[in-house]
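Data block below; observations after.
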Protein chains: 2
Amino acid sequence: MEKLPPKTVERLSQYRRVLSKYEDDENSYIFSHDLARLLKINPVQVRRDLMLIGFSGNYRSGYRVQELIMLINKTLKTPKSQNSVIIGVGRLGKAIIHHIYPSNVCPVTLKAAFDIDPAKINKEYNGVFCYDVSKIPEIVKENNVKIAILTISDEDIQPIVDALIDSGVKGIINYVAGPLKIPKDIYFKEYDIRTTLEEMAYFIE
Amino acid sequence: MEKLPPKTVERLSQYRRVLSKYEDDENSYIFSHDLARLLKINPVQVRRDLMLIGFSGNYRSGYRVQELIMLINKTLKTPKSQNSVIIGVGRLGKAIIHHIYPSNVCPVTLKAAFDIDPAKINKEYNGVFCYDVSKIPEIVKENNVKIAILTISDEDIQPIVDALIDSGVKGIINYVAGPLKIPKDIYFKEYDIRTTLEEMAYFIE
DNA sequence: TTATTTTTGTTAATCAATTAACAAATTAAT
DNA sequence: ATTAATTTGTTAATTGATTAACAAAAATAA
Ligand SMILES: NC(=O)c1ccc[n+]([C@@H]2O[C@H](COP(=O)([O-])OP(=O)(O)OC[C@H]3O[C@@H](n4cnc5c(N)ncnc54)[C@H](O)[C@@H]3O)[C@@H](O)[C@H]2O)c1
Ligand SMILES: NC(=O)c1ccc[n+]([C@@H]2O[C@H](COP(=O)([O-])OP(=O)(O)OC[C@H]3O[C@@H](n4cnc5c(N)ncnc54)[C@H](O)[C@@H]3O)[C@@H](O)[C@H]2O)c1
């Protein structure tokens, strides 16, 4: 089956997230322009995305919310999704663990955390157990983990990344600055709020 | 002066950041393909971006690092850049304060933090003073703050956003989930790691 | 000198993403 | 009925971003 455009996949995840709060009544409907407003995008974008996943609305009353969520679930292969781990249980790591966990709409399961600090190891954070970094190969293989999140303070992340990839990880979300060699077949995303700040400073005049 | 494409501005910020570590020797040069590798992009992209800001390299030895940094500084109006504030000094807020502060390459200054919790108020976090949220109008106006970062646990962010905008904020980076009305002239960016996780889960097979 | 290599600078081509335009369907109002 | 109003579904057009292609420059080697 043909893969959807990345931006469409991103928005599907967002549609589902905002709609899950709308799903009070099992018969509720939403118009493309209302869904668009929730994401601050154009209604045509919404209709086009839903067209791409083959979802049909009602000419007069819009899209059936429950059905749409179910089709997004199916399209994004939820709930049988991927397992993930996080490396670095500091301020940012803990924030992310707490942010992901309570969400009944994030289908990616956080299976384990890793740290190098004995004070953090063998403790549970919001239901996620923290292991010593040396346990990465064992735990990652055992749980068929495919996604890793990097939130360590040490800038020398290469050894950790190598261990993760050797153990089968295919996707990495990195918040740590510093040079890094990544094979081309790894899905890699990096975010730095400083880039966003500087971009904003440039455009707000 | 014509504004640069947003993606180019993002990359300029990233070029500067990675180059500032390269700037040992005041006469060091870098090739477009080396700079490209650092950002995991195409060398043509680099040359095109530098062309857009009118930077010229040397046909045989590449681009002069120090000069390039200086031109990016000028292009992004550094150091006379914008002031920012952060609302919510929890796990994520503290992580961001620490992440921005030590950086001598992030020209956006964090002027103040705000929280609702008396235990956080009137303390300093990495040199950033935390005020009660009620002080937003006063502090924001006083410091000519144009950018705000939202990292509170409360999902009812509308009153805070309204206060910020009323006080002159033009750009907002939001990490808090929940519906929000924002005027069209505000530069607004929202990130949620759950979207990235779900997108990754879809594409890694 | 003359070819060879390497790298920049720039235009053209391609690819991706968004938005415009409008027909088709449906309902409500006249 | 007929008309008007609203909303979906889809194609076409536009805009934006990336990559390909290649000439020009400079250094090196033959
Ligand atoms: N990209 C962004 O927007 C952004 C925002 C905030 C923070 N950050 C970055 O995220 C990272 C974490 O920030 P923080 O505030 O949570 O730091 P922190 O010091 O609170 O936590 C870091 C954690 O990583 C652990 N650690 C360090 N080296 C390790 C290693 N080699 N192996 C395993 N664990 C290791 C430490 O023991 C600690 O628990 C930093 O690199 C910071 O710069 C990025
Ligand atoms: N987008 C992402 O990728 C991402 C990642 C992690 C966390 N988050 C979100 O960031 C937010 C903060 O997470 P955290 O782990 O730092 O939470 P936290 O509970 O550690 O900290 C929240 C802070 O906000 C303060 N606060 C709450 N309501 C406030 C209000 N009305 N005005 C001022 N201050 C207020 C609290 O006193 C506390 O200090 C949460 O909404 C969380 O879901 C988003």
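Residue numbering restarts at 1 for every chain of the structure tokens, chains are lettered A, B, ... in their displayed order, and ligands are numbered from 1 as they appear.
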- Item | Test item: chain A residues at most 7 Å from chain B, counting only C-alpha atoms, as a PyMOL selection string | chain A and resi 9-10+13-14+38+76+81-82+91-92+94-95+100+106+108+170-171+179+187+194-195+197-202+204
- Message: Please check the contacts: residues of chain C at most 9 Å away from chain A, using only C-alpha atoms (C1' of nucleotides), listed as a list in words.
- Response: DA16, DA17, DT18, DT19, DA25, DT26 and DT27 of chain C
Suppose we keep all heavy atoms; can you now write the selection as a compact mmCIF listing (two decimals), in the first residue's frame?
# COMPACT_ATOMS: atom_id res chain seq x y z
P DA C 16 8.41 13.95 -3.78
OP1 DA C 16 8.95 13.04 -2.75
OP2 DA C 16 7.33 13.52 -4.72
O5' DA C 16 7.90 15.26 -3.05
C5' DA C 16 8.76 16.00 -2.22
C4' DA C 16 7.94 17.01 -1.48
O4' DA C 16 7.54 18.08 -2.37
C3' DA C 16 6.63 16.44 -0.90
O3' DA C 16 6.57 16.93 0.42
C2' DA C 16 5.54 16.97 -1.84
C1' DA C 16 6.14 18.31 -2.26
N9 DA C 16 5.73 18.81 -3.57
C8 DA C 16 5.59 18.14 -4.74
N7 DA C 16 5.24 18.91 -5.75
C5 DA C 16 5.13 20.17 -5.19
C6 DA C 16 4.79 21.42 -5.73
N6 DA C 16 4.47 21.62 -7.01
N1 DA C 16 4.77 22.48 -4.89
C2 DA C 16 5.10 22.29 -3.61
N3 DA C 16 5.44 21.17 -2.99
C4 DA C 16 5.43 20.14 -3.85
P DA C 17 5.35 16.70 1.39
OP1 DA C 17 5.89 16.62 2.76
OP2 DA C 17 4.49 15.64 0.82
O5' DA C 17 4.59 18.07 1.23
C5' DA C 17 5.24 19.29 1.60
C4' DA C 17 4.23 20.40 1.49
O4' DA C 17 3.97 20.63 0.08
C3' DA C 17 2.89 20.08 2.14
O3' DA C 17 2.64 21.12 3.07
C2' DA C 17 1.90 20.02 0.97
C1' DA C 17 2.59 20.86 -0.09
N9 DA C 17 2.31 20.49 -1.48
C8 DA C 17 2.32 19.25 -2.05
N7 DA C 17 2.05 19.25 -3.34
C5 DA C 17 1.85 20.59 -3.62
C6 DA C 17 1.54 21.26 -4.82
N6 DA C 17 1.35 20.65 -5.99
N1 DA C 17 1.42 22.62 -4.76
C2 DA C 17 1.61 23.23 -3.59
N3 DA C 17 1.91 22.72 -2.40
C4 DA C 17 2.02 21.37 -2.49
P DT C 18 1.25 21.31 3.83
OP1 DT C 18 1.56 21.96 5.11
OP2 DT C 18 0.46 20.07 3.77
O5' DT C 18 0.54 22.39 2.90
C5' DT C 18 1.21 23.62 2.66
C4' DT C 18 0.39 24.44 1.71
O4' DT C 18 0.24 23.74 0.46
C3' DT C 18 -1.02 24.74 2.19
O3' DT C 18 -1.10 26.16 2.26
C2' DT C 18 -1.94 24.12 1.13
C1' DT C 18 -1.03 24.07 -0.09
N1 DT C 18 -1.26 23.02 -1.12
C2 DT C 18 -1.49 23.41 -2.43
O2 DT C 18 -1.55 24.58 -2.78
N3 DT C 18 -1.65 22.38 -3.32
C4 DT C 18 -1.60 21.02 -3.04
O4 DT C 18 -1.75 20.20 -3.94
C5 DT C 18 -1.36 20.68 -1.67
C7 DT C 18 -1.26 19.24 -1.27
C6 DT C 18 -1.20 21.67 -0.78
P DT C 19 -2.40 26.90 2.85
OP1 DT C 19 -1.96 28.19 3.42
OP2 DT C 19 -3.20 25.96 3.65
O5' DT C 19 -3.20 27.21 1.52
C5' DT C 19 -2.57 28.01 0.52
C4' DT C 19 -3.44 28.02 -0.71
O4' DT C 19 -3.47 26.73 -1.33
C3' DT C 19 -4.89 28.41 -0.44
O3' DT C 19 -5.14 29.53 -1.27
C2' DT C 19 -5.69 27.16 -0.82
C1' DT C 19 -4.77 26.52 -1.85
N1 DT C 19 -4.87 25.05 -2.07
C2 DT C 19 -4.98 24.60 -3.37
O2 DT C 19 -5.02 25.35 -4.34
N3 DT C 19 -5.03 23.24 -3.52
C4 DT C 19 -4.98 22.30 -2.51
O4 DT C 19 -5.04 21.11 -2.77
C5 DT C 19 -4.87 22.83 -1.16
C7 DT C 19 -4.81 21.88 -0.02
C6 DT C 19 -4.82 24.17 -1.02
P DA C 25 -24.24 13.76 -7.58
OP1 DA C 25 -24.03 12.30 -7.62
OP2 DA C 25 -25.26 14.42 -8.45
O5' DA C 25 -24.54 14.19 -6.08
C5' DA C 25 -23.70 13.68 -5.05
C4' DA C 25 -24.14 14.32 -3.76
O4' DA C 25 -24.01 15.74 -3.86
C3' DA C 25 -25.59 14.03 -3.37
O3' DA C 25 -25.55 13.40 -2.10
C2' DA C 25 -26.27 15.40 -3.33
C1' DA C 25 -25.08 16.34 -3.16
N9 DA C 25 -25.20 17.69 -3.71
C8 DA C 25 -25.46 18.05 -5.01
N7 DA C 25 -25.46 19.35 -5.22
C5 DA C 25 -25.19 19.88 -3.96
C6 DA C 25 -25.06 21.21 -3.50
N6 DA C 25 -25.18 22.29 -4.27
N1 DA C 25 -24.78 21.38 -2.19
C2 DA C 25 -24.65 20.31 -1.40
N3 DA C 25 -24.74 19.03 -1.72
C4 DA C 25 -25.02 18.88 -3.02
P DT C 26 -26.83 12.67 -1.52
OP1 DT C 26 -26.34 11.61 -0.64
OP2 DT C 26 -27.78 12.39 -2.63
O5' DT C 26 -27.46 13.80 -0.61
C5' DT C 26 -26.71 14.29 0.50
C4' DT C 26 -27.32 15.57 0.96
O4' DT C 26 -27.25 16.56 -0.07
C3' DT C 26 -28.80 15.48 1.31
O3' DT C 26 -28.88 15.39 2.72
C2' DT C 26 -29.41 16.75 0.71
C1' DT C 26 -28.18 17.55 0.31
N1 DT C 26 -28.29 18.51 -0.82
C2 DT C 26 -28.06 19.85 -0.54
O2 DT C 26 -27.81 20.28 0.57
N3 DT C 26 -28.16 20.69 -1.62
C4 DT C 26 -28.45 20.33 -2.92
O4 DT C 26 -28.51 21.18 -3.81
C5 DT C 26 -28.68 18.93 -3.15
C7 DT C 26 -29.00 18.44 -4.52
C6 DT C 26 -28.58 18.09 -2.09
P DT C 27 -30.21 15.00 3.45
OP1 DT C 27 -29.84 14.28 4.68
OP2 DT C 27 -31.15 14.40 2.46
O5' DT C 27 -30.76 16.42 3.87
C5' DT C 27 -29.95 17.26 4.67
C4' DT C 27 -30.41 18.68 4.51
O4' DT C 27 -30.32 19.10 3.13
C3' DT C 27 -31.87 18.91 4.91
O3' DT C 27 -31.85 19.61 6.14
C2' DT C 27 -32.47 19.71 3.74
C1' DT C 27 -31.22 20.17 2.98
N1 DT C 27 -31.35 20.43 1.52
C2 DT C 27 -31.11 21.72 1.05
O2 DT C 27 -30.82 22.64 1.77
N3 DT C 27 -31.24 21.87 -0.31
C4 DT C 27 -31.57 20.88 -1.23
O4 DT C 27 -31.65 21.14 -2.42
C5 DT C 27 -31.81 19.57 -0.67
C7 DT C 27 -32.17 18.44 -1.58
C6 DT C 27 -31.69 19.41 0.66
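Within stretch 10-110 of chain B, the backbone-based DSSP assignment of strand (DSSP E or B) covers Tyr29, Ile30, Asn58, Gly62, Tyr63, Arg64, Asn83, Ser84, Val85, Ile86, Ile87, Thr109 and Leu110 of chain B.
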Write to file, as a short mmCIF file (atom, residue, chain, number, x, y, z; two decimals), in the first residue's frame, the residues of the selection just made, with all heavy atoms.
data_model
loop_
_atom_site.label_atom_id
_atom_site.label_comp_id
_atom_site.auth_asym_id
_atom_site.auth_seq_id
_atom_site.Cartn_x
_atom_site.Cartn_y
_atom_site.Cartn_z
N TYR B 29 38.37 27.48 7.30
CA TYR B 29 37.45 27.44 6.17
C TYR B 29 36.64 26.16 6.24
O TYR B 29 37.07 25.17 6.84
CB TYR B 29 38.26 27.44 4.86
CG TYR B 29 38.78 28.80 4.47
CD1 TYR B 29 39.92 29.34 5.07
CD2 TYR B 29 38.12 29.55 3.49
CE1 TYR B 29 40.39 30.59 4.71
CE2 TYR B 29 38.60 30.79 3.12
CZ TYR B 29 39.73 31.31 3.73
OH TYR B 29 40.18 32.55 3.35
N ILE B 30 35.47 26.16 5.60
CA ILE B 30 34.68 24.93 5.52
C ILE B 30 34.07 24.80 4.13
O ILE B 30 33.68 25.80 3.52
CB ILE B 30 33.60 24.88 6.63
CG1 ILE B 30 32.99 23.48 6.74
CG2 ILE B 30 32.51 25.93 6.38
CD1 ILE B 30 32.20 23.26 8.02
N ASN B 58 35.33 30.69 -1.38
CA ASN B 58 36.56 30.68 -2.16
C ASN B 58 36.56 29.43 -3.02
O ASN B 58 36.35 28.33 -2.53
CB ASN B 58 37.73 30.66 -1.18
CG ASN B 58 39.04 30.81 -1.90
OD1 ASN B 58 39.37 29.99 -2.75
ND2 ASN B 58 39.77 31.85 -1.58
N GLY B 62 36.76 26.90 0.00
CA GLY B 62 35.45 26.88 0.65
C GLY B 62 35.08 28.21 1.29
O GLY B 62 35.45 29.27 0.81
N TYR B 63 34.31 28.14 2.38
CA TYR B 63 33.80 29.34 3.02
C TYR B 63 34.57 29.67 4.29
O TYR B 63 34.85 28.78 5.09
CB TYR B 63 32.31 29.15 3.37
CG TYR B 63 31.44 28.89 2.16
CD1 TYR B 63 31.15 27.59 1.75
CD2 TYR B 63 30.95 29.94 1.41
CE1 TYR B 63 30.37 27.35 0.62
CE2 TYR B 63 30.17 29.71 0.29
CZ TYR B 63 29.88 28.42 -0.10
OH TYR B 63 29.12 28.18 -1.21
N ARG B 64 34.86 30.91 4.49
CA ARG B 64 35.54 31.39 5.68
C ARG B 64 34.55 31.37 6.84
O ARG B 64 33.54 32.07 6.82
CB ARG B 64 36.03 32.82 5.39
CG ARG B 64 36.81 33.48 6.47
CD ARG B 64 38.30 33.54 6.16
NE ARG B 64 39.00 34.07 7.33
CZ ARG B 64 39.10 35.38 7.60
NH1 ARG B 64 38.64 36.27 6.74
NH2 ARG B 64 39.68 35.79 8.71
N ASN B 83 13.63 39.79 23.04
CA ASN B 83 13.54 39.27 24.40
C ASN B 83 12.38 38.29 24.50
O ASN B 83 11.37 38.43 23.82
CB ASN B 83 13.30 40.42 25.39
CG ASN B 83 14.51 41.33 25.47
OD1 ASN B 83 15.65 40.86 25.34
ND2 ASN B 83 14.27 42.62 25.65
N SER B 84 12.55 37.29 25.39
CA SER B 84 11.50 36.28 25.55
C SER B 84 11.23 36.02 27.02
O SER B 84 12.00 36.40 27.89
CB SER B 84 11.94 34.98 24.87
OG SER B 84 13.09 34.47 25.48
N VAL B 85 10.08 35.36 27.26
CA VAL B 85 9.76 34.89 28.61
C VAL B 85 9.22 33.46 28.52
O VAL B 85 8.84 33.01 27.43
CB VAL B 85 8.67 35.76 29.29
CG1 VAL B 85 9.19 37.16 29.57
CG2 VAL B 85 7.40 35.80 28.45
N ILE B 86 9.22 32.78 29.65
CA ILE B 86 8.68 31.42 29.68
C ILE B 86 7.65 31.33 30.79
O ILE B 86 7.84 31.90 31.87
CB ILE B 86 9.82 30.37 29.85
CG1 ILE B 86 9.29 28.95 29.71
CG2 ILE B 86 10.56 30.55 31.18
CD1 ILE B 86 10.37 27.91 29.50
N ILE B 87 6.52 30.68 30.50
CA ILE B 87 5.45 30.55 31.49
C ILE B 87 5.36 29.09 31.90
O ILE B 87 5.02 28.23 31.07
CB ILE B 87 4.08 30.99 30.92
CG1 ILE B 87 4.21 32.10 29.87
CG2 ILE B 87 3.12 31.35 32.03
CD1 ILE B 87 4.68 33.41 30.38
N THR B 109 17.17 36.42 24.20
CA THR B 109 17.40 36.49 25.65
C THR B 109 16.14 36.12 26.42
O THR B 109 15.06 36.62 26.12
CB THR B 109 17.82 37.92 26.05
OG1 THR B 109 18.89 38.32 25.22
CG2 THR B 109 18.24 37.98 27.49
N LEU B 110 16.30 35.26 27.42
CA LEU B 110 15.18 34.89 28.28
C LEU B 110 15.17 35.87 29.45
O LEU B 110 16.03 35.82 30.33
CB LEU B 110 15.40 33.44 28.76
CG LEU B 110 14.22 32.67 29.32
CD1 LEU B 110 12.97 32.84 28.48
CD2 LEU B 110 14.59 31.19 29.42
#
Interface rows for chain D against chain A: nearest pair, Å to one decimal, 10 Å, only C-alpha atoms (C1' of nucleotides), as a Markdown table:
| residue | atom | partner | partner_atom | distance |
| --- | --- | --- | --- | --- |
| D:DT6 | C1' | A:Arg60 | CA | 7.1 |
| D:DT7 | C1' | A:Tyr59 | CA | 5.4 |
| D:DT8 | C1' | A:Tyr59 | CA | 5.2 |
| D:DG9 | C1' | A:Met51 | CA | 7.5 |
| D:DT10 | C1' | A:Arg48 | CA | 8.6 |
Can you write just those residues out, N, CA and C atoms (P, O5', C5', C4', C3', O3' and C1' of nucleotides), as a CSV table (one decimal), in the first residue's frame?
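Result written to again.csv:
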chain,number,residue,atom,x,y,z
D,6,DT,P,-25.4,29.7,4.1
D,6,DT,O5',-24.9,28.2,4.1
D,6,DT,C5',-25.7,27.3,4.8
D,6,DT,C4',-25.1,25.9,4.5
D,6,DT,C3',-23.6,25.8,4.7
D,6,DT,O3',-23.3,24.9,5.7
D,6,DT,C1',-24.2,24.8,2.7
D,7,DT,P,-21.9,24.8,6.4
D,7,DT,O5',-21.3,23.5,5.6
D,7,DT,C5',-21.9,22.3,5.8
D,7,DT,C4',-21.4,21.3,4.8
D,7,DT,C3',-19.9,21.3,4.7
D,7,DT,O3',-19.4,20.0,5.0
D,7,DT,C1',-20.8,21.4,2.6
D,8,DT,P,-17.9,19.6,5.1
D,8,DT,O5',-17.8,18.5,3.9
D,8,DT,C5',-18.7,17.4,4.0
D,8,DT,C4',-18.8,16.7,2.6
D,8,DT,C3',-17.5,16.0,2.1
D,8,DT,O3',-17.8,14.8,1.7
D,8,DT,C1',-18.2,17.6,0.5
D,9,DG,P,-16.6,13.7,1.4
D,9,DG,O5',-16.2,14.0,-0.1
D,9,DG,C5',-17.1,13.6,-1.1
D,9,DG,C4',-16.4,13.9,-2.4
D,9,DG,C3',-15.0,13.3,-2.6
D,9,DG,O3',-15.0,12.7,-3.9
D,9,DG,C1',-15.0,15.7,-3.0
D,10,DT,P,-13.7,11.8,-4.3
D,10,DT,O5',-13.0,12.9,-5.3
D,10,DT,C5',-13.7,13.3,-6.4
D,10,DT,C4',-13.0,14.4,-7.1
D,10,DT,C3',-11.5,14.1,-7.3
D,10,DT,O3',-11.1,14.3,-8.6
D,10,DT,C1',-11.8,16.3,-6.5
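Scanning stretch 92-150 of chain B with DSSP on the backbone, the helix (DSSP H, G or I) assignments fall on B:Leu92, B:Gly93, B:Lys94, B:Ala95, B:Ile96, B:Ile97, B:His98, B:His99, B:Ile100, B:Val133, B:Ser134, B:Lys135, B:Ile136, B:Pro137, B:Glu138, B:Ile139, B:Val140, B:Lys141, B:Glu142.
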Can you write out the residues you just picked, keeping all heavy atoms, as a short mmCIF file (atom, residue, chain, number, x, y, z; two decimals), in the first residue's frame?
data_model
loop_
_atom_site.label_atom_id
_atom_site.label_comp_id
_atom_site.auth_asym_id
_atom_site.auth_seq_id
_atom_site.Cartn_x
_atom_site.Cartn_y
_atom_site.Cartn_z
N LEU B 92 9.62 20.63 32.23
CA LEU B 92 9.95 21.09 30.87
C LEU B 92 10.48 22.52 30.88
O LEU B 92 11.48 22.82 30.22
CB LEU B 92 8.70 20.98 29.97
CG LEU B 92 8.90 21.40 28.53
CD1 LEU B 92 9.96 20.55 27.84
CD2 LEU B 92 7.58 21.31 27.75
N GLY B 93 9.83 23.38 31.63
CA GLY B 93 10.25 24.78 31.69
C GLY B 93 11.69 24.91 32.15
O GLY B 93 12.50 25.62 31.55
N LYS B 94 12.04 24.19 33.22
CA LYS B 94 13.42 24.25 33.73
C LYS B 94 14.39 23.70 32.70
O LYS B 94 15.49 24.24 32.52
CB LYS B 94 13.53 23.45 35.03
CG LYS B 94 12.98 24.18 36.24
CD LYS B 94 13.18 23.30 37.49
CE LYS B 94 12.26 23.71 38.62
NZ LYS B 94 11.97 22.58 39.52
N ALA B 95 14.02 22.61 32.05
CA ALA B 95 14.90 22.03 31.02
C ALA B 95 15.19 23.07 29.94
O ALA B 95 16.34 23.24 29.51
CB ALA B 95 14.26 20.78 30.41
N ILE B 96 14.17 23.79 29.54
CA ILE B 96 14.36 24.80 28.48
C ILE B 96 15.20 25.97 28.98
O ILE B 96 16.10 26.43 28.29
CB ILE B 96 12.98 25.26 27.94
CG1 ILE B 96 12.34 24.12 27.15
CG2 ILE B 96 13.13 26.52 27.08
CD1 ILE B 96 10.93 24.39 26.66
N ILE B 97 14.93 26.44 30.21
CA ILE B 97 15.73 27.53 30.76
C ILE B 97 17.21 27.15 30.75
O ILE B 97 18.06 27.91 30.29
CB ILE B 97 15.28 27.88 32.21
CG1 ILE B 97 13.87 28.49 32.20
CG2 ILE B 97 16.27 28.83 32.88
CD1 ILE B 97 13.27 28.69 33.59
N HIS B 98 17.51 25.95 31.22
CA HIS B 98 18.91 25.50 31.25
C HIS B 98 19.48 25.31 29.86
O HIS B 98 20.65 25.56 29.63
CB HIS B 98 19.04 24.21 32.07
CG HIS B 98 19.00 24.42 33.54
ND1 HIS B 98 20.12 24.37 34.33
CD2 HIS B 98 17.97 24.75 34.36
CE1 HIS B 98 19.79 24.64 35.58
NE2 HIS B 98 18.49 24.86 35.64
N HIS B 99 18.64 24.87 28.96
CA HIS B 99 19.11 24.61 27.60
C HIS B 99 19.45 25.90 26.86
O HIS B 99 20.45 25.98 26.15
CB HIS B 99 18.02 23.85 26.84
CG HIS B 99 18.37 23.53 25.43
ND1 HIS B 99 19.38 22.65 25.10
CD2 HIS B 99 17.87 23.96 24.25
CE1 HIS B 99 19.46 22.55 23.78
NE2 HIS B 99 18.55 23.35 23.25
N ILE B 100 18.64 26.92 27.06
CA ILE B 100 18.86 28.19 26.36
C ILE B 100 20.01 28.97 26.98
O ILE B 100 20.86 29.50 26.31
CB ILE B 100 17.59 29.07 26.41
CG1 ILE B 100 16.47 28.40 25.62
CG2 ILE B 100 17.88 30.46 25.85
CD1 ILE B 100 15.17 29.19 25.69
N VAL B 133 2.31 34.82 37.81
CA VAL B 133 1.70 35.06 36.50
C VAL B 133 0.99 36.39 36.40
O VAL B 133 0.89 36.97 35.32
CB VAL B 133 0.67 33.96 36.09
CG1 VAL B 133 1.35 32.82 35.38
CG2 VAL B 133 -0.15 33.50 37.26
N SER B 134 0.48 36.89 37.53
CA SER B 134 -0.24 38.18 37.49
C SER B 134 0.68 39.32 37.05
O SER B 134 0.21 40.38 36.64
CB SER B 134 -0.84 38.48 38.85
OG SER B 134 0.20 38.68 39.79
N LYS B 135 1.97 39.11 37.15
CA LYS B 135 2.94 40.15 36.77
C LYS B 135 3.24 40.18 35.28
O LYS B 135 4.08 40.97 34.81
CB LYS B 135 4.25 39.93 37.54
CG LYS B 135 4.15 40.20 39.04
CD LYS B 135 4.75 41.56 39.38
CE LYS B 135 4.59 41.96 40.82
NZ LYS B 135 5.30 41.08 41.75
N ILE B 136 2.61 39.28 34.50
CA ILE B 136 2.93 39.20 33.07
C ILE B 136 2.85 40.56 32.37
O ILE B 136 3.83 40.98 31.75
CB ILE B 136 2.05 38.13 32.36
CG1 ILE B 136 2.53 36.72 32.73
CG2 ILE B 136 2.11 38.30 30.83
CD1 ILE B 136 1.70 35.58 32.14
N PRO B 137 1.73 41.28 32.47
CA PRO B 137 1.64 42.55 31.72
C PRO B 137 2.78 43.50 32.07
O PRO B 137 3.44 44.05 31.18
CB PRO B 137 0.28 43.12 32.15
CG PRO B 137 -0.51 41.92 32.58
CD PRO B 137 0.47 40.98 33.19
N GLU B 138 3.01 43.65 33.35
CA GLU B 138 4.03 44.59 33.82
C GLU B 138 5.42 44.24 33.26
O GLU B 138 6.08 45.06 32.62
CB GLU B 138 4.03 44.55 35.36
CG GLU B 138 5.01 45.49 36.01
CD GLU B 138 5.06 45.23 37.53
OE1 GLU B 138 4.04 44.75 38.11
OE2 GLU B 138 6.12 45.51 38.14
N ILE B 139 5.85 43.01 33.51
CA ILE B 139 7.21 42.60 33.13
C ILE B 139 7.39 42.56 31.62
O ILE B 139 8.42 42.97 31.08
CB ILE B 139 7.55 41.22 33.74
CG1 ILE B 139 7.32 41.20 35.25
CG2 ILE B 139 8.97 40.81 33.38
CD1 ILE B 139 8.32 41.98 36.05
N VAL B 140 6.37 42.07 30.93
CA VAL B 140 6.47 41.95 29.47
C VAL B 140 6.60 43.32 28.82
O VAL B 140 7.46 43.54 27.96
CB VAL B 140 5.26 41.17 28.90
CG1 VAL B 140 5.15 41.34 27.39
CG2 VAL B 140 5.37 39.69 29.25
N LYS B 141 5.78 44.26 29.26
CA LYS B 141 5.86 45.61 28.69
C LYS B 141 7.19 46.28 29.03
O LYS B 141 7.85 46.86 28.17
CB LYS B 141 4.69 46.47 29.19
CG LYS B 141 3.36 46.11 28.52
CD LYS B 141 2.24 46.99 29.09
CE LYS B 141 0.87 46.36 28.83
NZ LYS B 141 -0.13 46.82 29.84
N GLU B 142 7.54 46.17 30.30
CA GLU B 142 8.77 46.80 30.79
C GLU B 142 10.01 46.37 29.99
O GLU B 142 10.92 47.16 29.74
CB GLU B 142 8.97 46.36 32.25
CG GLU B 142 9.56 47.39 33.16
CD GLU B 142 9.33 46.93 34.60
OE1 GLU B 142 9.96 45.92 35.00
OE2 GLU B 142 8.51 47.55 35.31
#
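Pairwise distance (atom CA of A:Phe55, atom CA of A:Leu68) equals 7.2 Å.
Straight-line separation from atom CA of B:Gly54 to atom CA of B:Lys74: 11.7 Å.
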- Item | One-decimal distance in Å that lies between atom CA of B:Phe129 and atom 40 (C, counted along the ligand's line) of ligand 1 | 21.0 Å
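The shortest atom-to-atom distance to D:DA5, with only C-alpha atoms (C1' of nucleotides) taken into account, belongs to C:DA28 out of C:DA28, C:DG9, C:DC15, C:DT1.
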